[in-house]
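To be precise, the following lines are work.cif, and they hold mmCIF, C-alpha atoms.
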```cif
data_upload
#
loop_
_atom_site.label_atom_id
_atom_site.label_comp_id
_atom_site.auth_asym_id
_atom_site.auth_seq_id
_atom_site.Cartn_x
_atom_site.Cartn_y
_atom_site.Cartn_z
CA MET A 1 -17.76 -6.16 -4.07
CA ARG A 2 -14.24 -6.17 -2.59
CA LYS A 3 -13.57 -2.68 -3.95
CA GLU A 4 -16.68 -1.32 -2.22
CA TYR A 5 -15.86 -3.24 0.97
CA PHE A 6 -12.37 -1.78 1.30
CA GLY A 7 -13.43 1.56 -0.13
CA LYS A 8 -15.71 2.05 2.86
CA ARG A 9 -12.78 1.45 5.20
CA ILE A 10 -10.56 3.85 3.27
CA ARG A 11 -13.20 6.59 3.52
CA GLN A 12 -13.50 5.92 7.24
CA LEU A 13 -9.73 6.18 7.59
CA GLN A 14 -9.69 9.51 5.77
CA GLY A 15 -12.30 10.79 8.20
CA ARG A 16 -10.21 9.67 11.15
CA MET A 17 -7.17 11.35 9.61
CA ALA A 18 -9.05 14.63 9.63
CA GLY A 19 -9.90 14.03 13.27
CA ALA A 20 -6.20 13.52 14.00
CA ASN A 21 -5.33 16.74 12.12
CA VAL A 22 -3.17 15.04 9.50
CA ASP A 23 -3.52 15.12 5.72
CA ALA A 24 -1.41 11.98 5.15
CA PHE A 25 -1.12 8.71 7.03
CA PHE A 26 1.64 6.09 6.84
CA THR A 27 1.71 2.51 8.11
CA LEU A 28 4.14 -0.37 7.73
CA ALA A 29 2.07 -2.75 9.89
CA ALA A 30 0.95 -5.77 7.85
CA PRO A 31 -2.37 -6.18 9.77
CA SER A 32 -3.29 -2.55 9.12
CA MET A 33 -2.43 -2.84 5.44
CA ARG A 34 -4.50 -6.00 5.15
CA TYR A 35 -7.45 -4.40 6.91
CA LEU A 36 -7.42 -1.31 4.70
CA THR A 37 -6.60 -2.83 1.31
CA GLY A 38 -6.80 -6.64 1.36
CA PHE A 39 -3.07 -6.98 0.65
CA THR A 40 -1.82 -10.14 2.41
CA GLY A 41 1.93 -9.74 1.90
CA GLU A 42 4.10 -9.59 4.99
CA GLU A 43 5.97 -6.45 3.97
CA GLY A 44 4.95 -3.18 2.39
CA TYR A 45 4.44 0.53 3.06
CA LEU A 46 1.00 2.10 2.82
CA LEU A 47 0.43 5.83 2.40
CA ALA A 48 -3.05 7.34 2.60
CA LEU A 49 -3.58 10.73 0.97
CA HIS A 50 -6.68 12.71 0.06
CA ASP A 51 -6.61 11.16 -3.43
CA GLY A 52 -6.53 7.54 -2.21
CA MET A 53 -4.17 4.78 -1.13
CA HIS A 54 -0.64 4.16 -2.34
CA LEU A 55 0.99 0.81 -1.58
CA VAL A 56 4.77 0.77 -1.97
CA VAL A 57 6.31 -2.71 -2.29
CA ASP A 58 9.43 -4.36 -3.62
CA GLY A 59 9.50 -6.74 -6.56
CA ARG A 60 8.57 -9.78 -4.47
CA PHE A 61 5.06 -8.44 -3.90
CA THR A 62 4.22 -6.31 -6.95
CA THR A 63 2.11 -8.89 -8.79
CA GLN A 64 0.47 -10.09 -5.57
CA ALA A 65 -0.50 -6.55 -4.58
CA GLN A 66 -1.87 -5.73 -8.02
CA GLU A 67 -3.99 -8.89 -8.02
CA GLU A 68 -5.25 -8.58 -4.44
CA CYS A 69 -6.08 -4.86 -4.46
CA PRO A 70 -6.31 -3.48 -8.01
CA TRP A 71 -8.12 -0.37 -6.70
CA VAL A 72 -4.96 0.72 -4.87
CA ASP A 73 -2.06 2.53 -6.52
CA VAL A 74 0.72 -0.08 -6.33
CA ILE A 75 4.25 1.26 -6.68
CA GLU A 76 7.31 -0.97 -6.97
CA TYR A 77 10.36 0.60 -5.43
CA THR A 78 14.04 -0.02 -5.96
CA GLY A 79 16.73 1.18 -3.59
CA HIS A 80 14.85 2.41 -0.52
CA PHE A 81 11.09 2.71 -0.08
CA SER A 82 11.37 6.16 1.50
CA ARG A 83 12.15 7.77 -1.86
CA SER A 84 8.80 6.66 -3.25
CA ILE A 85 6.95 7.84 -0.13
CA ALA A 86 8.76 11.20 -0.20
CA ASN A 87 7.80 11.75 -3.84
CA LEU A 88 4.15 10.92 -3.12
CA LEU A 89 4.06 13.33 -0.19
CA VAL A 90 5.39 16.16 -2.33
CA ALA A 91 3.06 15.37 -5.23
CA GLY A 92 0.10 15.18 -2.85
CA HIS A 93 0.95 18.54 -1.23
CA ALA A 94 0.85 16.89 2.20
CA HIS A 95 1.98 18.84 5.26
CA TRP A 96 1.18 16.64 8.28
CA LEU A 97 2.11 12.95 8.14
CA GLY A 98 0.51 10.74 10.77
CA PHE A 99 2.21 7.48 11.76
CA GLU A 100 1.35 4.75 14.26
CA LYS A 101 3.49 5.52 17.29
CA GLU A 102 2.98 2.02 18.71
CA ARG A 103 4.40 0.48 15.52
CA VAL A 104 7.34 2.74 14.72
CA SER A 105 10.54 2.66 16.75
CA PHE A 106 12.40 5.82 17.75
CA VAL A 107 15.12 5.03 15.20
CA GLN A 108 12.56 4.52 12.43
CA ALA A 109 10.82 7.77 13.34
CA GLU A 110 14.10 9.68 13.16
CA GLN A 111 14.88 8.09 9.79
CA MET A 112 11.45 9.06 8.50
CA ARG A 113 11.87 12.64 9.64
CA ALA A 114 15.13 12.84 7.69
CA ALA A 115 13.66 11.11 4.62
CA PHE A 116 10.44 13.17 4.50
CA PRO A 117 11.60 16.78 4.94
CA SER A 118 8.49 18.22 3.25
CA VAL A 119 6.14 17.19 6.08
CA THR A 120 5.82 17.36 9.85
CA MET A 121 5.70 13.93 11.47
CA VAL A 122 2.72 13.46 13.80
CA PRO A 123 2.57 10.41 16.13
CA THR A 124 -0.97 9.05 16.23
CA GLU A 125 -2.72 6.45 18.35
CA SER A 126 -5.45 3.96 17.41
CA VAL A 127 -6.23 5.53 14.03
CA VAL A 128 -6.49 2.10 12.37
CA GLU A 129 -6.71 -0.04 15.52
CA GLY A 130 -9.74 1.98 16.56
CA MET A 131 -11.46 0.92 13.34
CA ARG A 132 -10.52 -2.73 13.86
CA ILE A 133 -11.79 -3.07 17.43
CA VAL A 134 -15.38 -3.83 16.33
CA LYS A 135 -15.59 -6.62 13.75
CA ASP A 136 -18.04 -6.61 10.86
CA THR A 137 -20.10 -9.60 9.73
CA ARG A 138 -17.49 -10.82 7.26
CA GLU A 139 -14.76 -10.69 9.90
CA LEU A 140 -16.89 -12.48 12.48
CA ASP A 141 -17.66 -15.26 10.01
CA LYS A 142 -13.93 -15.80 9.49
CA MET A 143 -13.36 -15.87 13.23
CA ARG A 144 -16.16 -18.40 13.67
CA ALA A 145 -14.48 -20.53 11.00
CA ALA A 146 -11.12 -20.17 12.78
CA GLY A 147 -12.68 -21.32 16.05
CA HIS A 148 -14.29 -24.30 14.34
CA ILE A 149 -10.98 -25.35 12.78
CA ALA A 150 -9.22 -25.06 16.16
CA ASP A 151 -11.92 -27.19 17.81
CA LYS A 152 -11.66 -29.85 15.12
CA ALA A 153 -7.86 -29.96 15.42
CA PHE A 154 -7.91 -30.18 19.22
CA ASN A 155 -10.46 -32.98 19.20
CA ALA A 156 -8.34 -34.92 16.70
CA MET A 157 -5.20 -34.39 18.77
CA ILE A 158 -6.71 -35.23 22.16
CA HIS A 159 -7.64 -38.73 21.01
CA GLN A 160 -3.97 -39.34 20.22
CA LEU A 161 -2.52 -37.77 23.38
CA LYS A 162 -0.77 -40.29 25.60
CA VAL A 163 1.80 -40.69 28.34
CA GLY A 164 5.37 -40.73 27.01
CA MET A 165 4.87 -38.07 24.35
CA THR A 166 6.94 -34.93 24.68
CA GLU A 167 5.39 -31.47 24.81
CA ASN A 168 6.92 -30.87 21.38
CA ASP A 169 5.19 -34.01 20.10
CA VAL A 170 1.85 -32.70 21.28
CA ALA A 171 2.40 -29.25 19.79
CA ALA A 172 3.51 -30.71 16.46
CA LEU A 173 0.52 -33.03 16.34
CA LEU A 174 -1.90 -30.23 17.18
CA GLU A 175 -0.39 -27.93 14.56
CA TYR A 176 -0.55 -30.71 11.95
CA GLU A 177 -4.22 -31.24 12.73
CA MET A 178 -4.80 -27.47 12.42
CA ARG A 179 -3.31 -27.43 8.92
CA LYS A 180 -5.20 -30.57 8.00
CA ALA A 181 -8.46 -28.94 9.10
CA GLY A 182 -7.91 -25.86 6.93
CA ALA A 183 -5.74 -23.40 8.87
CA GLN A 184 -3.17 -21.30 7.04
CA GLY A 185 -0.94 -21.47 10.10
CA THR A 186 -0.90 -20.92 13.83
CA SER A 187 -1.73 -17.60 15.46
CA PHE A 188 1.22 -17.92 17.89
CA SER A 189 3.75 -20.48 19.09
CA THR A 190 1.71 -23.33 20.57
CA ILE A 191 1.98 -23.54 24.36
CA VAL A 192 2.15 -26.97 25.94
CA GLY A 193 3.20 -27.07 29.59
CA SER A 194 3.04 -30.27 31.63
CA GLY A 195 3.63 -30.75 35.35
CA ALA A 196 5.64 -27.92 36.88
CA ARG A 197 6.11 -26.33 33.43
CA GLY A 198 2.39 -25.64 33.36
CA ALA A 199 3.02 -22.93 35.96
CA LEU A 200 4.76 -20.91 33.23
CA PRO A 201 1.86 -18.93 31.71
CA HIS A 202 3.60 -18.61 28.33
CA GLY A 203 5.90 -21.61 28.46
CA ILE A 204 6.11 -22.85 24.89
CA ALA A 205 6.40 -26.57 24.20
CA SER A 206 9.65 -28.28 25.10
CA GLY A 207 11.26 -31.72 24.94
CA LYS A 208 9.91 -32.63 28.39
CA VAL A 209 8.22 -36.04 28.50
CA ILE A 210 4.63 -36.07 29.74
CA ARG A 211 4.11 -38.42 32.68
CA ARG A 212 0.95 -40.08 33.95
CA GLY A 213 -0.99 -37.92 36.36
CA GLU A 214 0.51 -34.61 35.22
CA VAL A 215 -1.69 -31.62 34.53
CA ILE A 216 -1.16 -30.27 30.99
CA VAL A 217 -1.89 -26.70 29.85
CA MET A 218 -2.40 -26.28 26.09
CA ASP A 219 -2.86 -22.80 24.60
CA PHE A 220 -3.29 -22.79 20.83
CA GLY A 221 -4.78 -20.88 17.92
CA VAL A 222 -5.16 -20.95 14.17
CA ASN A 223 -4.75 -18.36 11.46
CA TYR A 224 -7.64 -18.55 9.01
CA GLU A 225 -7.62 -16.04 6.16
CA GLY A 226 -5.69 -13.64 8.37
CA TYR A 227 -7.97 -13.90 11.41
CA MET A 228 -6.84 -15.55 14.63
CA SER A 229 -8.36 -17.91 17.15
CA ASP A 230 -7.21 -18.31 20.75
CA CYS A 231 -8.19 -21.09 23.16
CA THR A 232 -6.70 -22.82 26.19
CA ARG A 233 -7.64 -26.13 27.73
CA THR A 234 -6.12 -27.88 30.73
CA VAL A 235 -6.28 -31.67 30.92
CA ALA A 236 -4.78 -34.48 32.97
CA LEU A 237 -3.84 -38.00 32.00
CA GLY A 238 -4.84 -40.05 35.00
CA LYS A 239 -6.63 -39.70 38.30
CA GLN A 240 -6.03 -36.45 40.22
CA PRO A 241 -5.86 -35.78 43.96
CA THR A 242 -8.74 -33.95 45.60
CA GLY A 243 -6.70 -30.77 45.99
CA VAL A 244 -6.04 -30.47 42.26
CA LEU A 245 -9.66 -31.17 41.41
CA ASP A 246 -10.77 -28.53 43.89
CA VAL A 247 -8.47 -25.86 42.44
CA TYR A 248 -9.67 -26.66 38.94
CA ALA A 249 -13.33 -26.48 40.00
CA LYS A 250 -12.73 -23.04 41.51
CA LEU A 251 -10.91 -21.87 38.38
CA ARG A 252 -13.71 -23.13 36.16
CA ALA A 253 -16.31 -21.32 38.29
CA ALA A 254 -14.28 -18.10 38.07
CA GLN A 255 -13.99 -18.39 34.30
CA GLN A 256 -17.72 -18.95 33.96
CA LEU A 257 -18.35 -15.88 36.09
CA GLY A 258 -16.13 -13.87 33.77
CA LEU A 259 -18.03 -15.10 30.73
CA ASP A 260 -21.35 -14.30 32.39
CA CYS A 261 -20.16 -10.72 33.03
CA ILE A 262 -19.31 -10.06 29.37
CA LYS A 263 -21.86 -8.05 27.40
CA ALA A 264 -22.12 -4.71 25.63
CA GLY A 265 -22.01 -1.70 27.95
CA VAL A 266 -19.93 -3.41 30.62
CA SER A 267 -16.56 -2.08 31.79
CA SER A 268 -13.74 -4.37 30.67
CA ARG A 269 -11.92 -3.76 33.95
CA SER A 270 -14.97 -4.79 35.96
CA VAL A 271 -14.92 -8.25 34.35
CA ASP A 272 -11.30 -8.74 35.42
CA THR A 273 -12.17 -7.46 38.90
CA ALA A 274 -15.05 -9.90 39.25
CA VAL A 275 -12.91 -12.91 38.34
CA ARG A 276 -10.11 -11.88 40.69
CA GLY A 277 -12.63 -11.46 43.46
CA LYS A 278 -14.03 -14.92 42.85
CA LEU A 279 -10.56 -16.50 42.94
CA GLY A 280 -9.74 -14.43 46.03
CA GLU A 281 -12.56 -16.09 47.95
CA SER A 282 -10.50 -19.29 47.98
CA GLY A 283 -7.07 -17.67 48.28
CA LEU A 284 -6.15 -18.26 44.61
CA ALA A 285 -6.08 -14.67 43.30
CA GLN A 286 -2.38 -14.33 44.15
CA TYR A 287 -1.65 -17.13 41.69
CA PHE A 288 -3.51 -15.41 38.83
CA THR A 289 -0.63 -13.35 37.48
CA HIS A 290 -1.85 -11.78 34.22
CA GLY A 291 -4.81 -9.90 32.77
CA LEU A 292 -8.08 -11.73 32.24
CA GLY A 293 -8.27 -11.24 28.51
CA HIS A 294 -7.59 -9.31 25.34
CA GLY A 295 -9.07 -8.58 21.96
CA VAL A 296 -8.47 -10.94 19.02
CA GLY A 297 -8.70 -10.32 15.29
CA LEU A 298 -6.08 -9.83 12.61
CA GLU A 299 -3.61 -10.00 15.51
CA ILE A 300 -3.64 -12.34 18.46
CA HIS A 301 -3.46 -9.44 20.93
CA GLU A 302 -5.61 -6.43 20.15
CA ALA A 303 -7.80 -3.96 21.98
CA PRO A 304 -9.80 -4.11 24.14
CA ARG A 305 -8.01 -5.48 27.18
CA LEU A 306 -9.77 -7.08 30.13
CA SER A 307 -7.34 -6.12 32.86
CA GLN A 308 -6.70 -3.74 35.74
CA GLY A 309 -4.39 -1.65 33.55
CA THR A 310 -7.01 -0.39 31.10
CA ASP A 311 -10.75 0.18 31.01
CA THR A 312 -12.99 0.06 27.94
CA VAL A 313 -16.75 -0.09 27.58
CA LEU A 314 -17.43 -3.31 25.69
CA GLU A 315 -19.34 -3.03 22.40
CA PRO A 316 -21.23 -5.51 20.23
CA GLY A 317 -18.95 -7.08 17.63
CA GLN A 318 -15.79 -6.98 19.71
CA VAL A 319 -14.02 -10.31 20.16
CA VAL A 320 -12.30 -10.89 23.50
CA THR A 321 -10.77 -13.75 25.46
CA CYS A 322 -11.64 -14.80 28.99
CA GLU A 323 -8.66 -16.73 30.33
CA PRO A 324 -8.08 -16.86 34.07
CA GLY A 325 -5.27 -19.07 35.30
CA VAL A 326 -3.84 -20.42 38.52
CA TYR A 327 -0.07 -21.02 38.54
CA LEU A 328 1.57 -22.80 41.48
CA PRO A 329 5.36 -22.59 40.96
CA GLY A 330 7.13 -25.93 41.09
CA ARG A 331 3.84 -27.84 41.12
CA TYR A 332 1.44 -27.23 38.23
CA GLY A 333 -0.56 -24.62 36.37
CA MET A 334 -4.09 -24.35 35.01
CA ARG A 335 -5.79 -22.02 32.55
CA ILE A 336 -9.16 -22.07 30.81
CA GLU A 337 -9.66 -19.75 27.85
CA ASP A 338 -12.51 -19.06 25.47
CA SER A 339 -12.69 -16.41 22.76
CA VAL A 340 -16.15 -14.83 22.55
CA ILE A 341 -18.04 -12.26 20.50
CA VAL A 342 -19.54 -9.49 22.63
CA THR A 343 -23.30 -9.11 22.01
CA ALA A 344 -25.97 -6.73 23.28
CA THR A 345 -27.18 -9.30 25.80
CA GLY A 346 -24.06 -11.37 26.52
CA PHE A 347 -21.63 -13.28 24.36
CA GLU A 348 -21.29 -15.86 21.60
CA SER A 349 -18.55 -18.41 22.17
CA LEU A 350 -16.17 -19.22 19.33
CA THR A 351 -15.33 -22.63 20.77
CA GLU A 352 -17.39 -25.64 21.74
CA LEU A 353 -14.62 -27.65 23.38
CA PRO A 354 -15.45 -29.33 26.71
CA LYS A 355 -13.69 -28.24 29.90
CA GLU A 356 -13.35 -31.48 31.85
CA LEU A 357 -9.95 -31.82 33.51
CA VAL A 358 -9.41 -35.57 33.62
CA LEU A 359 -9.44 -37.34 30.28
CA PRO A 360 -11.24 -40.69 30.10
#
```

Please express the file's structure as structure tokens.
Amino acid sequence: MRKEYFGKRIRQLQGRMAGANVDAFFTLAAPSMRYLTGFTGEEGYLLALHDGMHLVVDGRFTTQAQEECPWVDVIEYTGHFSRSIANLLVAGHAHWLGFEKERVSFVQAEQMRAAFPSVTMVPTESVVEGMRIVKDTRELDKMRAAGHIADKAFNAMIHQLKVGMTENDVAALLEYEMRKAGAQGTSFSTIVGSGARGALPHGIASGKVIRRGEVIVMDFGVNYEGYMSDCTRTVALGKQPTGVLDVYAKLRAAQQLGLDCIKAGVSSRSVDTAVRGKLGESGLAQYFTHGLGHGVGLEIHEAPRLSQGTDTVLEPGQVVTCEPGVYLPGRYGMRIEDSVIVTATGFESLTELPKELVLP
């Protein structure tokens, strides 16, 4: 079953290689290797040739690779991996070696050119990422499970949240509950920003003590069998002034508009535009300082992007976030984020967490 599952992906890759005019393809990106072979190790070197896949690893991962993907040619290298890759390229009579230009630094590319003199290096774009952008049923089931685990962990944490805890306390508690619920880890460093620190869109948790009445932004995600979840909730411990409640109500309405715009066939940029327009009606668009959303999968940030910088026609099976925020420097910040599966008629949410601001 697994052999057929990954074999289909390998055949698709070989077709995309032909489209990119290369007869060999090299990746050192762990998510790409996992997607193509099922290998879960954090380091390795994958070479695709016309005769199949060759996974070059050091002794730490040999047994793991052989057990996880026995249909792949696993080669243990000593010294430097490039010698094994160079030998495979010569033996495979390869002439044009594609590599992921977004993943390989200039220095690495120069080193590869020197190490692989028998081939011409060809920078490619989205050869594997283009395959990953639409999730299959098995992937979506894992992402649903990741969302469920994140929900369970957040609900367990929120009942323990109290004034006097530090942001680090909250992050540690949430991450403990994630592990307890079945996560293999977090999908990124947990963000907890209270009071003025909430105006930092990516302000990771600190030793700041949470005080009564402060607005708290919590952005968190789990890693479940390699697939990520991503969710943000904003809460407050204690009664809030009318102005804060009003801003949050406008943010929540804008986020709901964004969700309602998501469906197959829609321009990703148009969703971002709609949300900015909604926030602009109340003068809040200037405080929304990042893109509306991004794809999620084996990585926490993938294509497609919901932003002004790119434009993609959304397709069924893509997983994207919708996460508008309002950040008032020196005062507070707010963000609401859901990850959703794009469908032909709308979306399927991967979270069921409530969105009330003030906790009881």

Problem - Reference answer for the PyMOL selection byres ((chain A and resi 173) around 12), as a list in words - result: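 For this structure, the PyMOL selection byres ((chain A and resi 173) around 12) captures Ala153, Phe154, Asn155, Ala156, Met157, Ile158, His159, Gln160, Leu161, Lys162, Met165, Thr166, Glu167, Asn168, Asp169, Val170, Ala171, Ala172, Leu174, Glu175, Tyr176, Glu177, Met178, Arg179, Lys180, Thr190, Val192, Ala205 and Phe220 of chain A.
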
Problem - Residue nearest Gln108 (chain A) among A:Leu28, A:Leu328, A:Met33, A:Val134 (counting all atoms listed in the file) - result: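 Of A:Leu28, A:Leu328, A:Met33, A:Val134, the one nearest Gln108 (chain A), counting all atoms listed in the file, is A:Leu28.
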
Exercise for the section: Counting only C-alpha atoms, write as a list in words all protein and nucleic acid residues lying at most 8 Å from (3.8, 4.5, 14.9) in the file's frame. Expected result: Thr27, Phe99, Glu100, Lys101, Glu102, Arg103, Val104, Ser105, Ala109, Pro123, Thr124 and Glu125 of chain A

Exercise for the section: Give me, please, the distance in Å between CA of Gly92 (chain A) and CA of Val22 (chain A), quoted to one decimal. Expected result: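 Interatomic distance here is 12.8 Å.
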
Practice task
Tell me, as a ChimeraX atom specification, which residues lie within 10 Å of Glu129 (chain A), counting all atoms listed in the file; anything in the same chain fewer than 2 positions away does not count.
Solution key: /A:31-32,35,100,125-127,131-134,302-303

Handout entry: Ground truth for the PyMOL selection byres ((chain A and resi 254) around 9), written as a list in words
Key =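 Expected selection for the PyMOL selection byres ((chain A and resi 254) around 9) here is Ala249, Lys250, Leu251, Arg252, Ala253, Gln255, Gln256, Leu257, Gly258, Leu259, Ala274, Val275, Arg276, Gly277, Lys278, Leu279 and Pro324 of chain A.
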
Handout entry: Distance in Å - CA of Gly238 (chain A) versus CA of Asp151 (chain A)
Key =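 Distance reported for this atom pair: 22.6 Å.
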
Handout entry: Atomic distance CA of Thr321 (chain A) - CA of Ser229 (chain A), expressed in Å with one decimal
Key =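 Between CA of Thr321 (chain A) and CA of Ser229 (chain A) the gap is 9.6 Å.
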
Exercise for the section: Let me know the residues the PyMOL selection byres ((chain A and resi 330) around 10) catches in the file above, as a ChimeraX atom specification. Expected result: /A:195-200,327-329,331-333

Handout entry: Within 8 Å of Met143 (chain A) using only C-alpha atoms, minus same-chain residues under 6 positions, as a ChimeraX atom specification
Key = /A:224,227-229,297,350

Problem - Minimum-distance residue to Arg2 (chain A), chosen among A:Leu46, A:Met334, A:Val72, A:Val247 (using all atoms listed in the file) - result: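 Ranked by minimum distance to Arg2 (chain A), first place goes to A:Val72.
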
Handout entry: Closest of A:Val326, A:Val163, A:Ile300, A:Leu88 to Val209 (chain A) - atom-to-atom distances counting all atoms listed in the file
Key =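 Smallest separation from Val209 (chain A) among the options: A:Val163.
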
Output file request: region 170-178 of chain A, with all heavy atoms, as a tab-separated table (two decimals), in the first residue's frame.
```
chain	number	residue	atom	x	y	z
A	170	VAL	N	2.25	30.02	30.01
A	170	VAL	CA	1.12	29.68	29.15
A	170	VAL	C	1.58	28.83	27.97
A	170	VAL	O	0.97	27.82	27.62
A	170	VAL	CB	0.40	30.95	28.66
A	170	VAL	CG1	-0.72	30.59	27.69
A	170	VAL	CG2	-0.15	31.74	29.85
A	171	ALA	N	2.68	29.25	27.34
A	171	ALA	CA	3.21	28.50	26.20
A	171	ALA	C	3.61	27.09	26.60
A	171	ALA	O	3.30	26.11	25.90
A	171	ALA	CB	4.39	29.24	25.58
A	172	ALA	N	4.28	26.97	27.75
A	172	ALA	CA	4.71	25.65	28.22
A	172	ALA	C	3.52	24.76	28.53
A	172	ALA	O	3.52	23.56	28.19
A	172	ALA	CB	5.60	25.80	29.45
A	173	LEU	N	2.51	25.33	29.14
A	173	LEU	CA	1.31	24.56	29.46
A	173	LEU	C	0.60	24.10	28.19
A	173	LEU	O	0.18	22.93	28.08
A	173	LEU	CB	0.36	25.40	30.31
A	173	LEU	CG	-0.98	24.77	30.69
A	173	LEU	CD1	-0.79	23.47	31.45
A	173	LEU	CD2	-1.82	25.76	31.50
A	174	LEU	N	0.47	25.00	27.22
A	174	LEU	CA	-0.18	24.66	25.97
A	174	LEU	C	0.58	23.57	25.23
A	174	LEU	O	-0.01	22.61	24.70
A	174	LEU	CB	-0.33	25.91	25.10
A	174	LEU	CG	-1.02	25.76	23.75
A	174	LEU	CD1	-2.37	25.08	23.89
A	174	LEU	CD2	-1.17	27.13	23.09
A	175	GLU	N	1.91	23.69	25.20
A	175	GLU	CA	2.72	22.69	24.51
A	175	GLU	C	2.68	21.34	25.23
A	175	GLU	O	2.68	20.28	24.57
A	175	GLU	CB	4.15	23.19	24.37
A	175	GLU	CG	4.25	24.37	23.39
A	175	GLU	CD	5.62	25.02	23.36
A	175	GLU	OE1	6.57	24.44	23.95
A	175	GLU	OE2	5.75	26.11	22.76
A	176	TYR	N	2.60	21.35	26.55
A	176	TYR	CA	2.44	20.11	27.30
A	176	TYR	C	1.12	19.44	26.94
A	176	TYR	O	1.06	18.23	26.70
A	176	TYR	CB	2.49	20.39	28.80
A	176	TYR	CG	2.01	19.23	29.65
A	176	TYR	CD1	2.77	18.07	29.80
A	176	TYR	CD2	0.77	19.29	30.28
A	176	TYR	CE1	2.30	17.01	30.57
A	176	TYR	CE2	0.29	18.23	31.05
A	176	TYR	CZ	1.07	17.10	31.19
A	176	TYR	OH	0.61	16.04	31.94
A	177	GLU	N	0.05	20.23	26.89
A	177	GLU	CA	-1.25	19.69	26.56
A	177	GLU	C	-1.28	19.16	25.12
A	177	GLU	O	-1.98	18.18	24.82
A	177	GLU	CB	-2.35	20.73	26.77
A	177	GLU	CG	-2.55	21.16	28.23
A	177	GLU	CD	-3.12	20.04	29.11
A	177	GLU	OE1	-3.52	18.99	28.58
A	177	GLU	OE2	-3.18	20.25	30.34
A	178	MET	N	-0.53	19.79	24.22
A	178	MET	CA	-0.43	19.29	22.85
A	178	MET	C	0.18	17.89	22.83
A	178	MET	O	-0.35	16.96	22.21
A	178	MET	CB	0.43	20.23	21.99
A	178	MET	CG	-0.17	21.58	21.68
A	178	MET	SD	1.02	22.54	20.71
A	178	MET	CE	0.26	24.16	20.73
```
